[in-house]
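Student: Below is the file coords-v1.txt, with compact mmCIF, C-alpha atoms and all ligand atoms.
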# COMPACT_ATOMS: atom_id res chain seq x y z
CA MET A 19 -35.88 0.48 20.50
CA SER A 20 -35.30 1.62 24.08
CA ASP A 21 -38.15 1.83 26.57
CA PRO A 22 -39.88 5.16 27.13
CA VAL A 23 -38.29 7.34 29.78
CA PRO A 24 -40.18 7.13 33.11
CA LYS A 25 -41.58 10.36 34.55
CA GLU A 26 -40.46 9.69 38.05
CA ILE A 27 -38.35 7.21 40.00
CA GLY A 28 -38.52 7.11 43.80
CA GLY A 29 -39.79 10.71 43.93
CA TYR A 30 -37.08 12.04 41.58
CA ALA A 31 -38.47 13.80 38.50
CA ILE A 32 -36.75 12.32 35.46
CA GLU A 33 -35.55 14.81 32.84
CA GLY A 34 -33.90 12.43 30.42
CA ARG A 35 -31.95 9.25 29.92
CA VAL A 36 -28.18 9.74 29.70
CA GLY A 37 -26.84 6.26 29.38
CA GLY A 38 -27.19 2.66 30.13
CA GLY A 39 -25.90 -0.64 29.06
CA GLY A 40 -26.38 -4.24 29.96
CA MET A 41 -26.90 -3.80 33.68
CA ALA A 42 -28.36 -0.41 34.42
CA GLU A 43 -29.84 2.80 33.10
CA VAL A 44 -28.79 6.29 34.11
CA PHE A 45 -31.13 9.30 34.11
CA ARG A 46 -30.72 13.00 34.78
CA ALA A 47 -33.28 14.00 37.40
CA ARG A 48 -34.54 16.66 39.82
CA PRO A 49 -34.82 15.75 43.48
CA PRO A 50 -38.00 16.43 45.47
CA PRO A 51 -37.92 20.08 46.69
CA ASP A 52 -37.15 19.21 50.32
CA PHE A 53 -34.11 17.19 49.21
CA ILE A 54 -32.57 19.94 47.12
CA GLU A 55 -31.52 21.89 50.19
CA ALA A 56 -30.27 18.82 52.03
CA ILE A 57 -28.01 17.61 49.25
CA GLY A 58 -27.01 21.03 47.97
CA CYS A 59 -27.78 20.49 44.30
CA ASP A 60 -30.88 20.56 42.12
CA ILE A 61 -29.78 18.03 39.52
CA VAL A 62 -28.84 14.44 40.28
CA ALA A 63 -28.11 11.23 38.41
CA VAL A 64 -30.50 8.34 39.08
CA LYS A 65 -29.23 4.89 38.21
CA THR A 66 -31.68 2.00 38.05
CA LEU A 67 -30.54 -1.60 38.01
CA LEU A 68 -32.33 -3.74 35.51
CA PRO A 69 -35.02 -5.92 37.15
CA ALA A 70 -33.15 -9.13 36.26
CA TYR A 71 -30.62 -8.27 38.98
CA ALA A 72 -33.04 -7.18 41.63
CA LYS A 73 -35.00 -10.42 41.89
CA GLU A 74 -32.77 -12.25 44.32
CA ALA A 75 -33.14 -11.42 48.03
CA GLN A 76 -29.43 -11.86 48.67
CA PHE A 77 -28.59 -9.47 45.86
CA ARG A 78 -30.91 -6.84 47.31
CA GLU A 79 -29.37 -7.26 50.72
CA MET A 80 -25.88 -6.92 49.37
CA PHE A 81 -26.90 -3.92 47.28
CA ALA A 82 -28.33 -2.14 50.34
CA GLU A 83 -25.28 -2.98 52.46
CA GLU A 84 -22.83 -1.71 49.87
CA ALA A 85 -24.87 1.38 49.06
CA GLU A 86 -25.05 2.23 52.76
CA ILE A 87 -21.25 2.06 52.98
CA SER A 88 -20.84 4.14 49.82
CA THR A 89 -23.00 6.96 51.18
CA SER A 90 -20.28 7.54 53.77
CA LEU A 91 -17.61 8.11 51.11
CA GLN A 92 -17.15 11.80 50.57
CA HIS A 93 -14.25 13.07 48.52
CA PRO A 94 -13.96 15.52 45.61
CA ASN A 95 -12.78 12.65 43.39
CA VAL A 96 -15.59 10.25 44.27
CA VAL A 97 -19.09 10.58 42.80
CA GLU A 98 -21.18 11.12 45.89
CA LEU A 99 -24.06 8.78 46.59
CA PHE A 100 -27.02 10.61 48.14
CA ASP A 101 -29.82 8.11 48.30
CA PHE A 102 -30.93 4.64 47.28
CA GLY A 103 -34.05 2.58 47.41
CA GLU A 104 -36.68 0.65 45.56
CA ALA A 105 -38.90 2.18 42.90
CA ALA A 106 -42.62 1.47 42.59
CA ASP A 107 -41.99 -1.22 39.95
CA GLY A 108 -39.60 -3.06 42.25
CA SER A 109 -36.37 -2.01 40.53
CA LEU A 110 -33.50 -0.77 42.67
CA PHE A 111 -32.13 2.71 42.22
CA LEU A 112 -29.20 4.84 43.33
CA VAL A 113 -29.15 8.64 43.43
CA MET A 114 -25.79 10.23 42.79
CA GLU A 115 -24.13 13.57 42.36
CA TRP A 116 -24.64 14.75 38.77
CA VAL A 117 -21.33 15.11 36.97
CA ASP A 118 -21.70 17.52 34.09
CA GLY A 119 -19.24 16.21 31.55
CA VAL A 120 -18.28 12.90 29.98
CA ASP A 121 -16.89 9.59 31.10
CA LEU A 122 -13.31 8.65 30.29
CA GLY A 123 -14.54 5.84 28.03
CA GLN A 124 -16.25 8.45 25.83
CA VAL A 125 -13.08 10.55 25.85
CA LEU A 126 -10.88 7.68 24.75
CA ARG A 127 -13.36 6.51 22.08
CA SER A 128 -13.63 10.05 20.74
CA TYR A 129 -9.86 10.38 20.45
CA ARG A 130 -9.42 6.93 18.94
CA ARG A 131 -12.17 7.68 16.42
CA ARG A 132 -10.48 10.91 15.40
CA ARG A 133 -7.09 9.23 15.38
CA LEU A 134 -5.87 11.63 18.00
CA ARG A 135 -4.09 10.86 21.21
CA LEU A 136 -5.28 12.15 24.55
CA HIS A 137 -2.69 14.61 25.82
CA PRO A 138 -0.47 12.62 28.23
CA PHE A 139 -0.67 15.36 30.85
CA ALA A 140 -4.46 15.20 30.71
CA ALA A 141 -4.37 11.41 31.01
CA CYS A 142 -2.06 11.77 34.01
CA SER A 143 -4.22 14.38 35.69
CA ILE A 144 -7.37 12.29 35.27
CA ILE A 145 -5.73 9.16 36.68
CA GLU A 146 -4.01 11.07 39.47
CA GLN A 147 -7.38 12.46 40.56
CA ALA A 148 -9.05 9.06 40.25
CA LEU A 149 -6.31 7.58 42.45
CA ARG A 150 -6.91 10.27 45.10
CA GLY A 151 -10.56 9.21 45.17
CA LEU A 152 -9.61 5.54 45.38
CA HIS A 153 -7.18 6.28 48.20
CA ALA A 154 -9.94 7.95 50.20
CA ALA A 155 -12.03 4.78 49.84
CA HIS A 156 -9.07 2.53 50.65
CA THR A 157 -8.42 4.45 53.88
CA ARG A 158 -12.07 4.82 54.88
CA VAL A 159 -12.74 4.81 58.60
CA ASP A 160 -16.19 3.62 59.71
CA ARG A 161 -18.48 5.35 62.21
CA ASP A 162 -16.69 3.66 65.13
CA GLY A 163 -13.32 4.96 63.96
CA VAL A 164 -12.20 1.56 62.68
CA LEU A 165 -10.35 1.32 59.37
CA HIS A 166 -12.78 -0.20 56.89
CA PRO A 167 -11.27 0.01 53.41
CA VAL A 168 -13.60 -0.05 50.43
CA VAL A 169 -12.17 -1.65 47.30
CA HIS A 170 -13.89 -0.51 44.12
CA ARG A 171 -13.20 -3.72 42.08
CA ASP A 172 -14.52 -2.24 38.84
CA VAL A 173 -12.27 0.69 37.96
CA SER A 174 -12.65 1.26 34.23
CA PRO A 175 -12.77 4.21 31.81
CA ALA A 176 -16.60 4.18 31.97
CA ASN A 177 -16.47 4.50 35.74
CA ILE A 178 -14.24 7.58 35.72
CA LEU A 179 -16.42 10.64 35.12
CA VAL A 180 -14.73 13.85 34.01
CA SER A 181 -16.50 17.17 34.55
CA ARG A 182 -16.45 20.26 32.38
CA ALA A 183 -14.47 21.92 35.17
CA GLY A 184 -11.75 19.29 34.82
CA ALA A 185 -12.47 17.20 37.91
CA ALA A 186 -12.22 13.42 37.58
CA LYS A 187 -14.46 11.35 39.85
CA ILE A 188 -14.75 7.62 40.42
CA ALA A 189 -18.30 6.36 39.95
CA ASP A 190 -20.13 3.20 40.98
CA PHE A 191 -18.51 2.39 44.30
CA GLY A 192 -20.31 -0.51 45.92
CA LEU A 193 -21.81 -1.95 42.77
CA ALA A 194 -19.11 -4.44 41.84
CA ARG A 195 -19.68 -6.92 44.68
CA PRO A 196 -23.45 -7.37 44.20
CA LEU A 197 -23.04 -7.48 40.43
CA ASP A 198 -20.29 -10.04 40.80
CA ARG A 199 -22.84 -12.18 42.59
CA VAL A 200 -25.15 -11.94 39.60
CA ARG A 201 -22.30 -12.99 37.37
CA ARG A 202 -21.94 -16.15 39.42
CA THR A 203 -25.60 -17.00 39.94
CA GLN A 204 -26.76 -16.03 36.46
CA PRO A 205 -23.75 -16.72 34.26
CA GLY A 206 -23.85 -15.26 30.79
CA ILE A 207 -25.84 -12.19 31.79
CA VAL A 208 -22.82 -9.91 32.11
CA LYS A 209 -20.56 -9.71 29.10
CA GLY A 210 -17.50 -7.74 28.19
CA LYS A 211 -16.59 -6.76 31.74
CA PHE A 212 -13.22 -8.43 31.99
CA ALA A 213 -10.73 -6.05 30.40
CA TYR A 214 -10.07 -4.16 33.63
CA LEU A 215 -9.76 -7.04 36.04
CA ALA A 216 -6.57 -7.57 38.02
CA PRO A 217 -4.97 -11.03 37.76
CA GLU A 218 -6.13 -11.92 41.29
CA GLN A 219 -9.73 -11.28 40.20
CA ALA A 220 -9.25 -13.30 37.02
CA PHE A 221 -7.98 -16.17 39.19
CA ASP A 222 -10.85 -15.70 41.66
CA ARG A 223 -8.49 -14.84 44.49
CA ALA A 224 -9.00 -12.30 47.25
CA VAL A 225 -9.00 -8.63 46.31
CA ASP A 226 -7.53 -5.74 48.27
CA PRO A 227 -6.92 -2.05 47.54
CA ARG A 228 -4.00 -2.95 45.27
CA THR A 229 -6.51 -4.61 42.93
CA ASP A 230 -7.78 -1.11 42.07
CA LEU A 231 -4.20 0.04 41.40
CA PHE A 232 -3.79 -2.59 38.70
CA ALA A 233 -7.05 -1.48 37.05
CA ALA A 234 -6.02 2.18 37.28
CA GLY A 235 -2.71 1.14 35.66
CA ILE A 236 -4.59 -0.49 32.77
CA VAL A 237 -6.67 2.66 32.27
CA LEU A 238 -3.58 4.91 32.31
CA TRP A 239 -1.78 2.56 29.91
CA GLU A 240 -4.75 2.64 27.50
CA ALA A 241 -5.13 6.42 27.76
CA LEU A 242 -1.45 6.96 26.96
CA ALA A 243 -1.20 4.29 24.26
CA SER A 244 -4.59 5.07 22.71
CA ARG A 245 -5.40 1.37 22.42
CA HIS A 246 -6.76 -1.46 24.55
CA LEU A 247 -4.34 -3.43 26.68
CA PHE A 248 -6.06 -6.76 27.42
CA ARG A 249 -9.47 -6.39 25.78
CA ARG A 250 -10.28 -8.78 22.94
CA ASP A 251 -13.60 -9.60 21.25
CA ASP A 252 -13.64 -12.93 23.01
CA ASP A 253 -14.15 -12.64 26.82
CA LEU A 254 -12.24 -15.84 27.53
CA GLN A 255 -9.24 -14.58 25.60
CA THR A 256 -9.38 -11.33 27.60
CA VAL A 257 -9.41 -13.21 30.91
CA LEU A 258 -6.44 -15.33 29.82
CA LEU A 259 -4.48 -12.21 28.90
CA VAL A 260 -5.28 -10.62 32.27
CA ARG A 261 -4.11 -13.78 34.02
CA GLN A 262 -0.80 -13.71 32.16
CA ALA A 263 -0.49 -9.96 32.88
CA LYS A 264 2.09 -9.52 30.15
CA VAL A 265 2.22 -5.82 29.40
CA PRO A 266 3.80 -4.74 26.10
CA ASP A 267 6.31 -1.90 26.27
CA ILE A 268 4.14 1.20 26.08
CA ARG A 269 6.85 3.11 24.20
CA ARG A 270 5.97 1.04 21.13
CA PHE A 271 2.62 2.86 21.08
CA ALA A 272 3.53 6.12 22.80
CA PRO A 273 6.97 7.00 21.49
CA GLY A 274 8.95 9.39 23.66
CA LEU A 275 6.85 8.81 26.76
CA ASP A 276 8.67 10.03 29.86
CA GLY A 277 10.64 7.32 31.69
CA ARG A 278 8.94 8.14 34.98
CA LEU A 279 5.54 7.32 33.54
CA VAL A 280 6.90 4.08 32.08
CA HIS A 281 8.22 3.23 35.54
CA ALA A 282 4.91 4.13 37.23
CA LEU A 283 2.97 1.90 34.82
CA THR A 284 5.38 -0.98 35.31
CA ARG A 285 4.94 -0.73 39.05
CA ALA A 286 1.14 -0.52 38.94
CA LEU A 287 0.83 -3.38 36.46
CA GLN A 288 2.71 -6.04 38.41
CA ALA A 289 0.88 -9.38 38.48
CA ASP A 290 1.88 -9.87 42.12
CA PRO A 291 0.05 -7.29 44.31
CA LYS A 292 3.06 -7.19 46.68
CA ARG A 293 5.21 -5.78 43.90
CA ARG A 294 2.76 -3.00 43.04
CA TYR A 295 2.64 0.42 44.67
CA PRO A 296 1.62 -0.15 48.29
CA THR A 297 -1.15 2.45 48.07
CA ALA A 298 -3.07 4.53 45.52
CA GLN A 299 -1.48 7.58 47.12
CA HIS A 300 2.04 6.41 46.22
CA PHE A 301 0.95 5.92 42.61
CA ALA A 302 -0.83 9.32 42.55
CA ASP A 303 2.19 11.07 44.09
CA ASP A 304 4.51 9.72 41.39
CA ILE A 305 2.17 11.02 38.69
CA ALA A 306 1.83 14.36 40.49
CA ALA A 307 5.63 14.70 40.77
CA PHE A 308 5.91 14.15 37.03
CA LEU A 309 3.18 16.72 36.28
CA GLU A 310 4.73 19.31 38.57
CA GLU A 311 7.95 19.27 36.59
CA GLN A 312 6.25 20.06 33.30
CA GLU A 313 6.50 23.58 32.02
CA ALA A 314 3.07 23.55 30.53
CA ILE A 315 -0.53 23.72 31.50
CA THR A 316 -1.35 20.60 33.43
CA GLY A 317 -4.02 19.46 35.79
CA PRO A 318 -7.73 20.21 35.82
CA LYS A 319 -7.45 23.16 33.46
CA LEU A 320 -6.08 20.96 30.72
CA VAL A 321 -8.66 18.27 31.50
CA ALA A 322 -11.44 20.88 31.23
CA ALA A 323 -10.17 21.74 27.74
CA VAL A 324 -10.22 18.05 26.82
CA VAL A 325 -13.84 17.71 27.97
CA ARG A 326 -14.87 20.76 25.93
CA ASP A 327 -13.08 19.33 22.94
CA VAL A 328 -14.76 15.93 23.26
CA LEU A 329 -18.23 17.45 23.75
CA ARG A 330 -17.74 19.65 20.69
CA ALA A 331 -16.40 16.79 18.58
CA GLU A 332 -19.16 14.42 19.64
CA ALA A 333 -21.78 17.08 18.87
CA GLY A 334 -20.54 16.84 15.29
CA VAL A 335 -18.72 20.16 15.19
CA HIS A 336 -15.49 19.98 13.26
CA ASP A 337 -12.56 20.18 15.61
CA SER A 338 -9.00 19.15 15.11
CA GLY A 339 -8.47 18.24 18.77
CA ILE A 340 -6.05 19.79 21.19
CA ARG A 341 -2.51 20.35 20.18
CA VAL A 342 0.16 18.63 22.22
CA SER A 343 2.01 21.85 23.05
CA GLY A 344 -0.37 22.75 25.85
CA GLU A 345 -0.67 26.37 24.75
CA SER A 346 -3.84 25.62 22.83
CA THR A 347 -5.55 24.80 26.07
CA THR A 348 -4.98 28.09 27.84
CA SER A 349 -8.00 29.92 26.52
CA ARG A 350 -10.78 30.39 28.98
CA GLY A 351 -14.16 29.36 27.74
CA PRO A 352 -17.59 29.80 29.20
CA MET A 353 -17.38 26.31 30.71
CA ASP A 354 -14.45 27.10 32.99
CA GLY A 355 -15.22 27.08 36.67
CA PRO A 356 -14.32 25.55 40.00
CA PRO A 357 -14.68 21.79 40.47
CA THR A 358 -18.16 20.88 41.57
CA GLY A 359 -18.58 19.73 45.16
CA THR A 360 -21.43 19.00 47.45
CA ALA A 361 -21.79 19.59 51.14
CA PRO A 362 -21.51 16.44 53.28
CA ILE A 363 -24.96 16.57 54.85
CA PRO A 364 -26.25 13.37 56.42
CA LEU A 365 -29.51 12.22 54.88
CA VAL A 366 -32.31 10.00 55.92
CA ARG A 367 -32.27 7.34 53.28
CA ARG A 368 -35.14 5.24 52.12
CA ARG A 369 -34.24 1.72 52.96
CA ILE A 370 -35.17 -1.35 51.07
CA ALA A 371 -37.73 -3.40 52.89
N1 LIG B 401 -23.24 10.58 38.23
C1 LIG B 401 -23.34 10.74 36.92
N2 LIG B 401 -23.45 11.96 36.38
C2 LIG B 401 -23.55 12.11 35.03
N3 LIG B 401 -23.53 11.10 34.15
C3 LIG B 401 -23.43 9.86 34.62
C4 LIG B 401 -23.34 9.60 36.01
N4 LIG B 401 -23.23 8.26 36.19
C5 LIG B 401 -23.25 7.72 34.97
N5 LIG B 401 -23.38 8.66 34.02
C6 LIG B 401 -23.43 8.45 32.56
O1 LIG B 401 -24.17 7.29 32.29
C7 LIG B 401 -23.36 6.34 31.57
C8 LIG B 401 -23.78 4.94 31.92
O2 LIG B 401 -23.35 4.63 33.22
P1 LIG B 401 -23.31 3.15 33.76
O3 LIG B 401 -22.60 3.19 35.06
O4 LIG B 401 -24.67 2.57 33.70
O5 LIG B 401 -22.50 2.38 32.64
P2 LIG B 401 -20.98 1.95 32.58
O6 LIG B 401 -20.18 2.75 33.55
O7 LIG B 401 -20.61 1.97 31.16
O8 LIG B 401 -21.04 0.46 33.03
P3 LIG B 401 -20.77 -0.14 34.48
O9 LIG B 401 -20.82 0.93 35.50
O10 LIG B 401 -21.88 -1.09 34.60
O11 LIG B 401 -19.44 -0.74 34.35
C9 LIG B 401 -21.94 6.69 32.01
O12 LIG B 401 -20.99 6.22 31.16
C10 LIG B 401 -22.03 8.22 32.05
O13 LIG B 401 -21.85 8.73 30.76
MG MG B 402 -20.57 2.95 35.56
What's the structure tokens form of this structure?
Tutor:
Amino acid sequence: MSDPVPKEIGGYAIEGRVGGGGMAEVFRARPPPDFIEAIGCDIVAVKTLLPAYAKEAQFREMFAEEAEISTSLQHPNVVELFDFGEAADGSLFLVMEWVDGVDLGQVLRSYRRRRLRLHPFAACSIIEQALRGLHAAHTRVDRDGVLHPVVHRDVSPANILVSRAGAAKIADFGLARPLDRVRRTQPGIVKGKFAYLAPEQAFDRAVDPRTDLFAAGIVLWEALASRHLFRRDDDLQTVLLVRQAKVPDIRRFAPGLDGRLVHALTRALQADPKRRYPTAQHFADDIAAFLEEQEAITGPKLVAAVVRDVLRAEAGVHDSGIRVSGESTTSRGPMDGPPTGTAPIPLVRRRIA
């Protein structure tokens, strides 16, 4: 059903297609030899936007502007953007750090399918890391030393990538604004993208970094409760629920959840941005303080075990999932290793004409 995989996009040799939905396709690829040294890795992810989006001149301009800003974001919890441009067939592409692992959407689906719950410490570690990445973007300083925050606007489980080493990284910075434009100019083309909006987005009001905190709160709530918070089959219904921002008591779905996590969620999921955490760092620090008090394996090591478990389960191998005690996650497997990182080397990027 899907189109054949192209051999090459913008000079990157395509090895295979790894995902793609309504708006884009993602490929695993090898950079041209002279790029490998500059970016410090020999495998990258190439994301192409479907031609329907790339037609409009204003979209292309906005895409280039946002991509340019995103290339300056370097943080261990942000998927690094190396390059962007226009392929021979006119489609737009982005070249990113390859994250060897799964996205949080796959993790949550895998656990829901197996009627298991993601270990709360793992959920906390993933969201804490994602918040560190968001904070780096929210406190970004431009080349002239002026504070120029970048708001993600589309934080969702699919946009949090989790590596085999247990690092969580926010993906797709810079894509929300141009895609939002498409939503307005070509209504109906984007569906099912409303479950992680903040109320101010659902009311079409201005966004700021606290918008991302609300979305991160939804993702943490869903990871802990093992169910969707606002998502319904009908998009309109979803938007109405986001606008109301009524959050059911999570303890109904996650009995015995620590009071500090309940408090953190309540604070992140306030309809009024002024009542939320003031920064992603405050939210992350509360989660970190909770994790530090636990007498169990927490943090990236536990997350790495979760990724292994999901990859095994999704490959069809029988697996009962991790036990909640934490001890079952202590074994070292061949996949253990330090979080991946790439050297911040400035690149000459191919610009869109
Ligand atoms: N940098 C990357 N490294 C490895 N895999 C990736 C990378 N980026 C994306 N992927 C994989 O490709 C899938 C599709 O990504 P894509 O961003 O197109 O879809 P999405 O996140 O579900 O939707 P959207 O970003 O439009 O909300 C991801 O869910 C992930 O599994
Ligand atoms: Mg994505």
Student: Would you tabulate, counting only C-alpha atoms and all ligand atoms, all residues of chain A that have an atom at most 7 Å from an atom of ligand MG 402 (chain B), showing the closest pair of atoms and their distance in Å to one decimal, sorted by chain then ascending number, as CSV?
Tutor:
residue,atom,partner,partner_atom,distance
A:Ala176,CA,B:MG402,MG,5.5
A:Asn177,CA,B:MG402,MG,4.4
A:Ala189,CA,B:MG402,MG,6.0
A:Asp190,CA,B:MG402,MG,5.4
Student: Expressed in Å to a single decimal, how great is the separation between CA of Val96 in chain A and CA of Phe248 in chain A?
Tutor: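 If I compute the distance from CA of Val96 in chain A to CA of Phe248 in chain A, I get 25.8 Å.
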Student: Grab me every residue within 9 Å of ligand LIG 401 (chain B), counting only C-alpha atoms and all ligand atoms, and send it over as a PyMOL selection string.
Tutor: chain A and resi 35-46+62-67+97-99+113-124+172-179+181+187+189-190+193-194+197+211
Student: Which of these residues is nearest to Ala148 in chain A, using only C-alpha atoms: A:Pro24, A:Gly274, A:Pro94, A:Gly34?
Tutor: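 Once distances to Ala148 in chain A are computed over only C-alpha atoms, the minimum belongs to A:Pro94.
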Student: For Ser109 in chain A, work out the shell of residues within 10 Å, counting all atoms listed in the file and skipping chain neighbours fewer than 6 positions away, then give it as a VMD selection string.
Tutor: chain A and resid 27 to 28 66 to 73 78 103
Student: Just give me the residues with any atom within 9 Å of (-4.6, -1.0, 37.4), file coordinates, counting only C-alpha atoms, written as a list in words.
Tutor: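 Checked against the point, the hits come out as Val173, Ser174, Tyr214, Leu215, Ala216, Arg228, Thr229, Asp230, Leu231, Phe232, Ala233, Ala234, Gly235, Ile236, Val237, Leu238, Trp239, Leu283, Ala286, Leu287 and Gln288 of chain A.
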Student: Keeping only C-alpha atoms, write the selected residues to a file as a JSON list (two decimals), in the frame of the given file.
Tutor:
[["chain", "number", "residue", "atom", "x", "y", "z"],
["A", 173, "VAL", "CA", -12.27, 0.69, 37.96],
["A", 174, "SER", "CA", -12.65, 1.26, 34.23],
["A", 214, "TYR", "CA", -10.07, -4.16, 33.63],
["A", 215, "LEU", "CA", -9.76, -7.04, 36.04],
["A", 216, "ALA", "CA", -6.57, -7.57, 38.02],
["A", 228, "ARG", "CA", -4.00, -2.95, 45.27],
["A", 229, "THR", "CA", -6.51, -4.61, 42.93],
["A", 230, "ASP", "CA", -7.78, -1.11, 42.07],
["A", 231, "LEU", "CA", -4.20, 0.04, 41.40],
["A", 232, "PHE", "CA", -3.79, -2.59, 38.70],
["A", 233, "ALA", "CA", -7.05, -1.48, 37.05],
["A", 234, "ALA", "CA", -6.02, 2.18, 37.28],
["A", 235, "GLY", "CA", -2.71, 1.14, 35.66],
["A", 236, "ILE", "CA", -4.59, -0.49, 32.77],
["A", 237, "VAL", "CA", -6.67, 2.66, 32.27],
["A", 238, "LEU", "CA", -3.58, 4.91, 32.31],
["A", 239, "TRP", "CA", -1.78, 2.56, 29.91],
["A", 283, "LEU", "CA", 2.97, 1.90, 34.82],
["A", 286, "ALA", "CA", 1.14, -0.52, 38.94],
["A", 287, "LEU", "CA", 0.83, -3.38, 36.46],
["A", 288, "GLN", "CA", 2.71, -6.04, 38.41]]
Student: Quick one: pull the distance between CA of Leu242 in chain A and CA of Ile144 in chain A, Å, one decimal.
Tutor: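 Distance between the two atoms: 11.5 Å.
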Student: Give me the box for range 224-243 of chain A as AutoDock Vina command-line options, namely the centre and edge lengths in Å to one decimal of a box along x, y and z that holds every listed atom plus 8 Å on each side.
Tutor:
--center_x -5.1 --center_y -2.7 --center_z 36.3 --size_x 23.8 --size_y 35.3 --size_z 40.0
Student: Mind dumping range 109-154 of chain A from that block, keeping C-alpha atoms, as a PDB file, in the first residue's frame?
Tutor:
ATOM      1  CA  SER A 109       9.430  17.832  -0.908  1.00  0.00           C
ATOM      2  CA  LEU A 110      10.934  19.338   2.223  1.00  0.00           C
ATOM      3  CA  PHE A 111      13.116  17.270   4.501  1.00  0.00           C
ATOM      4  CA  LEU A 112      14.732  17.461   7.920  1.00  0.00           C
ATOM      5  CA  VAL A 113      17.786  15.485   9.020  1.00  0.00           C
ATOM      6  CA  MET A 114      17.897  14.574  12.682  1.00  0.00           C
ATOM      7  CA  GLU A 115      19.907  12.653  15.192  1.00  0.00           C
ATOM      8  CA  TRP A 116      18.941   8.971  14.988  1.00  0.00           C
ATOM      9  CA  VAL A 117      17.427   7.766  18.246  1.00  0.00           C
ATOM     10  CA  ASP A 118      17.812   4.023  18.517  1.00  0.00           C
ATOM     11  CA  GLY A 119      14.756   3.000  20.490  1.00  0.00           C
ATOM     12  CA  VAL A 120      11.025   3.636  20.472  1.00  0.00           C
ATOM     13  CA  ASP A 121       8.705   6.570  20.902  1.00  0.00           C
ATOM     14  CA  LEU A 122       6.658   6.930  24.069  1.00  0.00           C
ATOM     15  CA  GLY A 123       3.452   6.417  22.083  1.00  0.00           C
ATOM     16  CA  GLN A 124       4.681   2.926  21.137  1.00  0.00           C
ATOM     17  CA  VAL A 125       5.615   2.265  24.769  1.00  0.00           C
ATOM     18  CA  LEU A 126       2.197   3.238  26.068  1.00  0.00           C
ATOM     19  CA  ARG A 127       0.358   1.310  23.333  1.00  0.00           C
ATOM     20  CA  SER A 128       2.468  -1.769  24.028  1.00  0.00           C
ATOM     21  CA  TYR A 129       1.675  -1.638  27.738  1.00  0.00           C
ATOM     22  CA  ARG A 130      -2.006  -0.939  27.192  1.00  0.00           C
ATOM     23  CA  ARG A 131      -2.191  -3.833  24.721  1.00  0.00           C
ATOM     24  CA  ARG A 132      -0.607  -6.184  27.231  1.00  0.00           C
ATOM     25  CA  ARG A 133      -2.746  -4.789  30.023  1.00  0.00           C
ATOM     26  CA  LEU A 134       0.351  -3.756  31.889  1.00  0.00           C
ATOM     27  CA  ARG A 135       1.117  -0.428  33.428  1.00  0.00           C
ATOM     28  CA  LEU A 136       4.299   1.457  32.688  1.00  0.00           C
ATOM     29  CA  HIS A 137       6.358   1.546  35.867  1.00  0.00           C
ATOM     30  CA  PRO A 138       5.613   4.944  37.483  1.00  0.00           C
ATOM     31  CA  PHE A 139       9.307   5.592  38.086  1.00  0.00           C
ATOM     32  CA  ALA A 140       9.996   5.013  34.398  1.00  0.00           C
ATOM     33  CA  ALA A 141       7.139   7.329  33.436  1.00  0.00           C
ATOM     34  CA  CYS A 142       8.569   9.949  35.797  1.00  0.00           C
ATOM     35  CA  SER A 143      12.092   9.605  34.468  1.00  0.00           C
ATOM     36  CA  ILE A 144      10.942   9.934  30.856  1.00  0.00           C
ATOM     37  CA  ILE A 145       8.875  13.043  31.579  1.00  0.00           C
ATOM     38  CA  GLU A 146      11.561  14.558  33.797  1.00  0.00           C
ATOM     39  CA  GLN A 147      14.068  14.209  30.962  1.00  0.00           C
ATOM     40  CA  ALA A 148      11.593  15.559  28.405  1.00  0.00           C
ATOM     41  CA  LEU A 149      11.011  18.579  30.659  1.00  0.00           C
ATOM     42  CA  ARG A 150      14.779  19.216  30.859  1.00  0.00           C
ATOM     43  CA  GLY A 151      14.838  19.321  27.061  1.00  0.00           C
ATOM     44  CA  LEU A 152      11.828  21.633  26.961  1.00  0.00           C
ATOM     45  CA  HIS A 153      13.423  23.917  29.533  1.00  0.00           C
ATOM     46  CA  ALA A 154      16.526  24.252  27.372  1.00  0.00           C
TER      47      ALA A 154
END
